[in-house]
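Printed here is model05.txt (compact mmCIF, C-alpha atoms):
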# COMPACT_ATOMS: atom_id res chain seq x y z
CA MET A 1 39.69 -187.67 -273.86
CA GLU A 2 39.13 -184.75 -276.19
CA ARG A 3 42.02 -184.26 -278.65
CA ILE A 4 42.91 -182.23 -281.69
CA PRO A 5 43.58 -184.59 -284.63
CA ILE A 6 47.08 -184.72 -286.11
CA LEU A 7 47.24 -185.77 -289.76
CA LYS A 8 50.32 -187.25 -291.40
CA MET A 9 51.09 -186.05 -294.91
CA GLY A 10 54.32 -187.51 -296.26
CA GLN A 11 57.10 -186.28 -294.01
CA PHE A 12 54.92 -183.56 -292.51
CA LEU A 13 52.32 -183.43 -289.77
CA LEU A 14 49.26 -181.29 -290.22
CA VAL A 15 47.18 -179.83 -287.39
CA SER A 16 44.11 -177.71 -287.89
CA ILE A 17 42.75 -176.17 -284.71
CA GLN A 18 39.01 -175.79 -285.23
CA VAL A 19 37.79 -175.31 -281.68
CA ASP A 20 38.11 -172.67 -279.00
CA MET A 21 40.82 -174.48 -277.04
CA HIS A 22 40.71 -174.84 -273.32
CA ASP A 23 44.09 -175.03 -271.60
CA GLN A 24 44.22 -178.78 -271.12
CA LEU A 25 43.46 -179.35 -274.80
CA ALA A 26 46.41 -177.14 -275.72
CA ILE A 27 48.72 -179.06 -273.39
CA THR A 28 47.49 -182.40 -274.81
CA LEU A 29 48.20 -181.16 -278.34
CA GLN A 30 51.72 -180.18 -277.34
CA ASP A 31 52.36 -183.66 -275.90
CA ASP A 32 50.71 -185.51 -278.80
CA LEU A 33 52.61 -183.54 -281.43
CA THR A 34 56.04 -184.13 -279.96
CA GLN A 35 55.33 -187.86 -279.74
CA GLN A 36 54.02 -187.99 -283.31
CA ILE A 37 57.05 -186.11 -284.66
CA VAL A 38 59.29 -188.84 -283.29
CA ALA A 39 56.94 -191.75 -284.15
CA HIS A 40 56.61 -190.66 -287.80
CA ARG A 41 60.11 -189.14 -288.11
CA ALA A 42 58.35 -186.02 -289.35
CA HIS A 43 60.49 -183.15 -290.61
CA GLY A 44 57.82 -180.51 -290.61
CA VAL A 45 54.72 -179.45 -288.67
CA LEU A 46 52.06 -177.22 -290.11
CA ILE A 47 49.61 -175.66 -287.66
CA ASP A 48 46.52 -174.06 -289.16
CA ILE A 49 44.81 -171.55 -286.84
CA SER A 50 42.51 -169.97 -289.44
CA SER A 51 39.47 -170.95 -287.33
CA LEU A 52 40.86 -169.53 -284.10
CA GLU A 53 39.05 -166.36 -283.04
CA ILE A 54 41.49 -165.57 -280.26
CA VAL A 55 45.00 -166.50 -279.21
CA ASP A 56 45.77 -165.45 -275.66
CA SER A 57 49.14 -165.64 -273.91
CA PHE A 58 48.57 -169.25 -272.88
CA ILE A 59 47.80 -170.50 -276.38
CA GLY A 60 50.57 -168.29 -277.77
CA ARG A 61 53.03 -169.82 -275.36
CA MET A 62 51.85 -173.30 -276.34
CA ILE A 63 52.47 -172.50 -280.02
CA GLY A 64 55.94 -171.16 -279.20
CA ASN A 65 56.67 -174.28 -277.14
CA ILE A 66 55.61 -176.59 -279.95
CA ALA A 67 57.90 -174.78 -282.40
CA GLY A 68 60.81 -174.98 -279.94
CA MET A 69 60.26 -178.65 -279.11
CA ALA A 70 59.83 -179.55 -282.79
CA ARG A 71 63.09 -177.79 -283.60
CA MET A 72 64.92 -179.91 -281.05
CA LEU A 73 63.37 -182.99 -282.65
CA ASP A 74 64.65 -181.92 -286.07
CA ALA A 75 61.32 -180.66 -287.40
CA GLU A 76 60.34 -177.24 -288.72
CA THR A 77 57.08 -175.62 -287.63
CA VAL A 78 55.04 -173.22 -289.73
CA LEU A 79 52.01 -171.48 -288.28
CA VAL A 80 49.43 -170.55 -290.89
CA GLY A 81 46.12 -168.72 -291.23
CA MET A 82 46.28 -166.25 -288.36
CA LYS A 83 43.37 -163.79 -288.54
CA PRO A 84 44.40 -160.11 -288.77
CA ALA A 85 42.49 -159.23 -285.58
CA VAL A 86 44.35 -161.98 -283.74
CA ALA A 87 47.72 -160.67 -284.99
CA ILE A 88 46.90 -157.11 -283.87
CA THR A 89 45.78 -158.32 -280.44
CA LEU A 90 48.77 -160.63 -279.91
CA VAL A 91 51.28 -157.88 -280.60
CA GLU A 92 49.47 -155.46 -278.27
CA LEU A 93 49.36 -158.17 -275.64
CA GLY A 94 53.15 -158.21 -275.91
CA MET A 95 53.53 -161.49 -277.70
CA SER A 96 55.03 -161.45 -281.18
CA LEU A 97 55.77 -165.20 -281.37
CA GLN A 98 59.40 -164.63 -282.26
CA GLY A 99 61.06 -167.76 -283.55
CA VAL A 100 57.83 -169.13 -285.00
CA ARG A 101 57.70 -169.16 -288.80
CA THR A 102 54.39 -168.08 -290.29
CA ALA A 103 52.65 -168.18 -293.65
CA LEU A 104 49.34 -166.69 -294.76
CA ASN A 105 47.65 -169.97 -295.65
CA VAL A 106 48.09 -173.74 -295.75
CA GLU A 107 49.29 -173.73 -299.35
CA LYS A 108 52.04 -171.18 -298.70
CA GLY A 109 52.97 -172.96 -295.49
CA MET A 110 53.40 -176.25 -297.34
CA THR A 111 55.55 -174.53 -299.96
CA MET A 112 57.69 -173.14 -297.16
CA LEU A 113 58.12 -176.56 -295.56
CA HIS A 114 58.97 -178.20 -298.90
CA ALA A 115 61.53 -175.47 -299.60
CA SER A 116 63.26 -175.97 -296.26
CA MET A 117 63.28 -179.74 -296.84
CA LYS A 118 65.16 -179.21 -300.10
CA GLY A 119 67.89 -177.31 -298.30
CA LYS A 120 68.00 -180.06 -295.73
CA GLU A 121 68.40 -182.84 -298.32
CA PHE A 122 71.47 -181.10 -299.72
CA PHE A 123 72.85 -180.78 -296.25
CA ASP A 124 72.23 -184.44 -295.46
CA ARG A 125 73.75 -185.55 -298.77
CA ASP A 126 76.84 -183.42 -298.21
CA ASN A 127 77.28 -184.87 -294.79
CA GLU A 128 76.91 -188.42 -295.99
CA GLY A 129 79.25 -187.89 -298.95
CA MET B 130 24.53 -140.70 -267.13
CA THR B 131 25.82 -144.14 -267.97
CA ALA B 132 23.18 -146.85 -267.95
CA ILE B 133 23.70 -150.56 -267.67
CA THR B 134 21.73 -152.09 -270.52
CA LYS B 135 22.65 -155.73 -270.01
CA ASP B 136 24.12 -157.56 -267.04
CA ASP B 137 25.36 -161.11 -266.58
CA SER B 138 27.77 -163.00 -264.41
CA ALA B 139 29.63 -166.28 -264.55
CA ALA B 140 31.69 -168.43 -262.21
CA ILE B 141 35.32 -169.07 -263.16
CA ASN B 142 36.69 -172.22 -261.58
CA SER B 143 38.18 -174.28 -264.39
CA SER B 144 39.78 -174.00 -267.80
CA ALA B 145 36.39 -174.87 -269.35
CA ASP B 146 34.98 -171.81 -267.55
CA ILE B 147 37.68 -169.63 -269.14
CA VAL B 148 36.42 -170.73 -272.57
CA ARG B 149 32.82 -170.00 -271.50
CA VAL B 150 33.76 -166.51 -270.29
CA ARG B 151 35.36 -165.85 -273.70
CA GLN B 152 32.10 -166.86 -275.40
CA ILE B 153 29.88 -164.74 -273.14
CA VAL B 154 32.13 -161.69 -273.57
CA ARG B 155 32.19 -162.25 -277.33
CA ASP B 156 28.35 -162.33 -277.45
CA PHE B 157 28.16 -159.07 -275.47
CA ALA B 158 30.76 -157.39 -277.70
CA VAL B 159 28.89 -158.47 -280.84
CA SER B 160 25.57 -157.20 -279.48
CA LEU B 161 27.22 -153.84 -278.71
CA GLY B 162 28.39 -153.57 -282.31
CA PHE B 163 32.12 -153.83 -281.52
CA SER B 164 34.36 -154.23 -284.56
CA LEU B 165 36.13 -157.54 -285.03
CA VAL B 166 39.41 -156.12 -283.69
CA GLU B 167 37.64 -154.59 -280.65
CA GLN B 168 35.87 -157.90 -279.98
CA THR B 169 39.15 -159.81 -280.21
CA LYS B 170 40.91 -157.41 -277.83
CA ILE B 171 38.26 -157.51 -275.09
CA VAL B 172 37.81 -161.29 -275.40
CA THR B 173 41.58 -161.80 -275.16
CA ALA B 174 41.82 -159.49 -272.13
CA ALA B 175 38.93 -161.43 -270.53
CA SER B 176 40.72 -164.70 -271.19
CA GLU B 177 43.90 -163.46 -269.47
CA LEU B 178 42.03 -162.19 -266.41
CA ALA B 179 39.83 -165.29 -266.17
CA ARG B 180 42.94 -167.45 -266.19
CA ASN B 181 44.49 -165.30 -263.46
CA ALA B 182 41.39 -165.84 -261.34
CA VAL B 183 41.67 -169.62 -261.77
CA GLU B 184 45.44 -169.93 -261.41
CA HIS B 185 46.20 -167.36 -258.76
CA GLY B 186 42.85 -166.64 -257.15
CA GLY B 187 41.72 -170.24 -256.72
CA GLY B 188 38.60 -169.44 -258.76
CA GLY B 189 36.24 -166.51 -258.74
CA ASN B 190 33.64 -164.88 -260.89
CA VAL B 191 33.13 -162.23 -263.50
CA GLN B 192 30.39 -159.67 -263.93
CA ILE B 193 29.75 -158.56 -267.50
CA GLN B 194 27.94 -155.27 -268.11
CA ALA B 195 26.94 -153.52 -271.29
CA LEU B 196 27.11 -149.74 -270.76
CA ASN B 197 25.36 -147.01 -272.64
CA ASN B 198 25.48 -143.24 -272.38
CA ALA B 199 24.81 -140.36 -274.72
CA MET B 200 28.33 -140.46 -276.14
CA ARG B 201 29.29 -144.07 -276.41
CA ARG B 202 28.70 -147.70 -275.64
CA GLY B 203 31.01 -149.91 -273.67
CA LEU B 204 31.63 -153.27 -272.13
CA LYS B 205 32.70 -153.48 -268.51
CA LEU B 206 34.07 -156.65 -266.95
CA THR B 207 34.68 -157.10 -263.24
CA PHE B 208 36.77 -160.11 -262.20
CA SER B 209 36.77 -161.02 -258.52
CA ASP B 210 38.49 -163.76 -256.59
CA ASN B 211 39.08 -164.54 -252.94
CA GLY B 212 42.63 -165.71 -253.46
CA PRO B 213 45.76 -164.63 -251.59
CA GLY B 214 45.79 -161.18 -253.23
CA ILE B 215 48.74 -159.38 -254.80
CA PRO B 216 51.33 -157.91 -252.42
CA ASP B 217 53.10 -155.72 -255.00
CA LEU B 218 50.73 -154.40 -257.65
CA GLU B 219 53.36 -152.39 -259.49
CA GLN B 220 55.51 -155.46 -259.96
CA ALA B 221 52.50 -157.60 -260.97
CA LEU B 222 51.66 -155.17 -263.77
CA LYS B 223 55.14 -155.40 -265.29
CA ASP B 224 55.59 -157.61 -268.34
CA GLY B 225 57.39 -160.81 -267.63
CA PHE B 226 56.31 -160.97 -264.01
CA THR B 227 54.82 -164.36 -263.30
CA THR B 228 54.22 -166.64 -260.39
CA GLY B 229 52.20 -169.07 -262.48
CA GLY B 230 53.06 -170.96 -265.61
CA GLY B 231 52.29 -168.17 -268.05
CA MET B 232 54.39 -165.59 -269.84
CA GLY B 233 53.69 -162.96 -267.25
CA LEU B 234 51.73 -160.98 -269.79
CA GLY B 235 48.36 -161.46 -268.09
CA LEU B 236 47.77 -158.25 -266.15
CA GLY B 237 49.94 -155.84 -268.14
CA GLY B 238 48.79 -157.36 -271.42
CA ALA B 239 45.11 -157.14 -270.48
CA LYS B 240 45.63 -153.50 -269.48
CA ARG B 241 46.99 -152.64 -272.92
CA LEU B 242 43.96 -154.19 -274.62
CA VAL B 243 41.34 -152.01 -272.94
CA ASN B 244 40.55 -148.33 -272.37
CA GLU B 245 40.08 -148.41 -268.61
CA PHE B 246 41.80 -150.65 -266.12
CA GLU B 247 41.42 -150.68 -262.38
CA ILE B 248 42.79 -153.15 -259.88
CA ASP B 249 42.11 -153.57 -256.19
CA SER B 250 44.09 -156.14 -254.29
CA ALA B 251 45.97 -156.69 -251.07
CA PRO B 252 47.30 -159.75 -249.28
CA GLY B 253 44.43 -161.72 -247.76
CA ARG B 254 41.76 -159.62 -249.45
CA GLY B 255 41.56 -161.26 -252.85
CA THR B 256 41.78 -159.43 -256.13
CA LYS B 257 39.30 -157.39 -258.12
CA VAL B 258 40.07 -156.22 -261.64
CA MET B 259 37.76 -153.94 -263.61
CA ILE B 260 38.26 -153.33 -267.29
CA THR B 261 36.19 -151.32 -269.75
CA ARG B 262 36.39 -151.04 -273.47
CA TRP B 263 34.42 -148.27 -275.17
CA ARG B 264 33.21 -147.81 -278.69
CA ASN B 265 31.97 -144.55 -280.11
CA ALA B 266 28.22 -144.64 -280.66
Re-express the file's structure as structure tokens.
Amino acid sequence: MERIPILKMGQFLLVSIQVDMHDQLAITLQDDLTQQIVAHRAHGVLIDISSLEIVDSFIGRMIGNIAGMARMLDAETVLVGMKPAVAITLVELGMSLQGVRTALNVEKGMTMLHASMKGKEFFDRDNEG
Amino acid sequence: MTAITKDDSAAINSSADIVRVRQIVRDFAVSLGFSLVEQTKIVTAASELARNAVEHGGGGNVQIQALNNAMRRGLKLTFSDNGPGIPDLEQALKDGFTTGGGMGLGLGGAKRLVNEFEIDSAPGRGTKVMITRWRNA
């Protein structure tokens, strides 16, 4: 079956969507990611959509779902690389992806994830101590 | 006088067809000289309406027409299905209204992304949605 690859990088999972996704592919990604978060005890998910020419309400909903599911599994999600035309269209469509953290590119997204991990370590340490 | 300079149609029966419709519409928009934002808007609107045809209409088809007149050029898409039809159009156009698995942004969202929007539907008669996006020549 066709799948979007999920790469593990330390405590983070990295997904780069490079194809025009059909609906089933988006659903498969959602399922795969949640399983991989648990399997690898990942604390962060970075989704790169810099190759995506469009995000419609279905794909937008899938992205929102992933962020919500990841949060419940103790992982942060950062969406990176959205094209300006996609952002304009999504907002006009009525979808502003509230609750999904975004960064301009992969580098900034990784910095964001690392920063939130630092806060988390303190929190964990305090709780243990 | 508005002339049709290019005409194509495609069946929409599966999620793979939705992707294909997006590609055909994109090619038309590029050939008409639409800006990147205009292309993205019409392709996204097409994706929403194609999905409606699959999910609610049990499949259908789309006619894609490039329009040209003295003033401007445009892209007209006509989505038709033979599904159950929409009993309450006003309600269906409201954001958040959904009978499928989506966000309920399909019809209302598509309407906001284009210049002209027309819908013809009644129970038992299927649904026809026509959208047009213009660009100044």
Give the residues of chain A that lie within 9 Å of chain B; count only C-alpha atoms, and format the answer as a list in words.
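Close to chain B, chain A has Asp20, Met21, His22, Asp23, Gln24, Glu53, Ile54, Val55, Asp56, Ser57, Phe58, Arg61, Pro84, Ala85, Val86, Ile88, Thr89, Leu90, Glu92, Leu93, Gly94 and Met95 of chain A.
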For the residues selected in the previous step, produce a file with C-alpha atoms as a CSV table (one decimal), keeping the file's coordinate frame.
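Okay, selection_33.csv is ready:
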chain,number,residue,atom,x,y,z
A,20,ASP,CA,38.1,-172.7,-279.0
A,21,MET,CA,40.8,-174.5,-277.0
A,22,HIS,CA,40.7,-174.8,-273.3
A,23,ASP,CA,44.1,-175.0,-271.6
A,24,GLN,CA,44.2,-178.8,-271.1
A,53,GLU,CA,39.0,-166.4,-283.0
A,54,ILE,CA,41.5,-165.6,-280.3
A,55,VAL,CA,45.0,-166.5,-279.2
A,56,ASP,CA,45.8,-165.4,-275.7
A,57,SER,CA,49.1,-165.6,-273.9
A,58,PHE,CA,48.6,-169.2,-272.9
A,61,ARG,CA,53.0,-169.8,-275.4
A,84,PRO,CA,44.4,-160.1,-288.8
A,85,ALA,CA,42.5,-159.2,-285.6
A,86,VAL,CA,44.4,-162.0,-283.7
A,88,ILE,CA,46.9,-157.1,-283.9
A,89,THR,CA,45.8,-158.3,-280.4
A,90,LEU,CA,48.8,-160.6,-279.9
A,92,GLU,CA,49.5,-155.5,-278.3
A,93,LEU,CA,49.4,-158.2,-275.6
A,94,GLY,CA,53.2,-158.2,-275.9
A,95,MET,CA,53.5,-161.5,-277.7
Give me the residues near segment 262-266 of chain B as a PyMOL selection string, where near means some atom within 7 Å (using only C-alpha atoms) and where sequence neighbours in that chain fewer than 6 positions away do not count.
chain B and resi 163+171+200-205+243-245
Can you measure atom CA of Leu52 of chain A to atom CA of Val78 of chain A for me? One decimal in Å is fine.
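These two atoms are separated by 15.7 Å.
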Could you check how far atom CA of Ala195 of chain B sits from atom CA of Ile248 of chain B, in Å to one decimal?
19.5 Å
Using Å and a single decimal, report how far atom CA of Asp156 of chain B sits from atom CA of Glu247 of chain B.
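Calculated distance between atom CA of Glu247 of chain B and atom CA of Asp156 of chain B is 23.1 Å.
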If we draw a sphere of 10 Å around (48.7, -156.6, -250.2), which residues have at least one atom in it when counting only C-alpha atoms? Please report them as a list in words.
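Residues with an atom close enough to that point: Pro213, Gly214, Ile215, Pro216, Asp217, Leu218, Asp249, Ser250, Ala251, Pro252, Gly253, Arg254, Gly255 and Thr256 of chain B.
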With distances taken over all atoms listed in the file, which of A:Ala115, A:Ala87, A:Val19, A:Ile47 is nearest to Ile6 of chain A?
A:Ile47
Asp137 of chain B: which residues within 7 Å, counting only C-alpha atoms, same-chain residues fewer than 4 positions away excluded, as a compact mmCIF listing (two decimals) with C-alpha atoms, in the frame of the given file?
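The result, stored in selection-v3.txt:
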# COMPACT_ATOMS: atom_id res chain seq x y z
CA GLN B 192 30.39 -159.67 -263.93
CA ILE B 193 29.75 -158.56 -267.50
CA GLN B 194 27.94 -155.27 -268.11
Excluding Ile49 of chain A and any residue of its chain fewer than 3 positions from it, enumerate the residues within 7 Å of it, using all atoms listed in the file, and give them as a CSV table (one decimal) with C-alpha atoms, in the frame of the given file.
chain,number,residue,atom,x,y,z
A,16,SER,CA,44.1,-177.7,-287.9
A,17,ILE,CA,42.8,-176.2,-284.7
A,52,LEU,CA,40.9,-169.5,-284.1
A,80,VAL,CA,49.4,-170.6,-290.9
A,81,GLY,CA,46.1,-168.7,-291.2
A,82,MET,CA,46.3,-166.2,-288.4
Shortest interatomic distance to Asp74 of chain A - which of A:Gly60, A:Gly44, A:Gly109, A:Gly119, counting all atoms listed in the file:
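Distance minimum relative to Asp74 of chain A lands on A:Gly44.
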Given the choices A:Val91, A:Met110, A:Ala70, A:Ile63, which gets closest to Ile37 of chain A if the distance is worked out from all atoms listed in the file?
A:Ala70
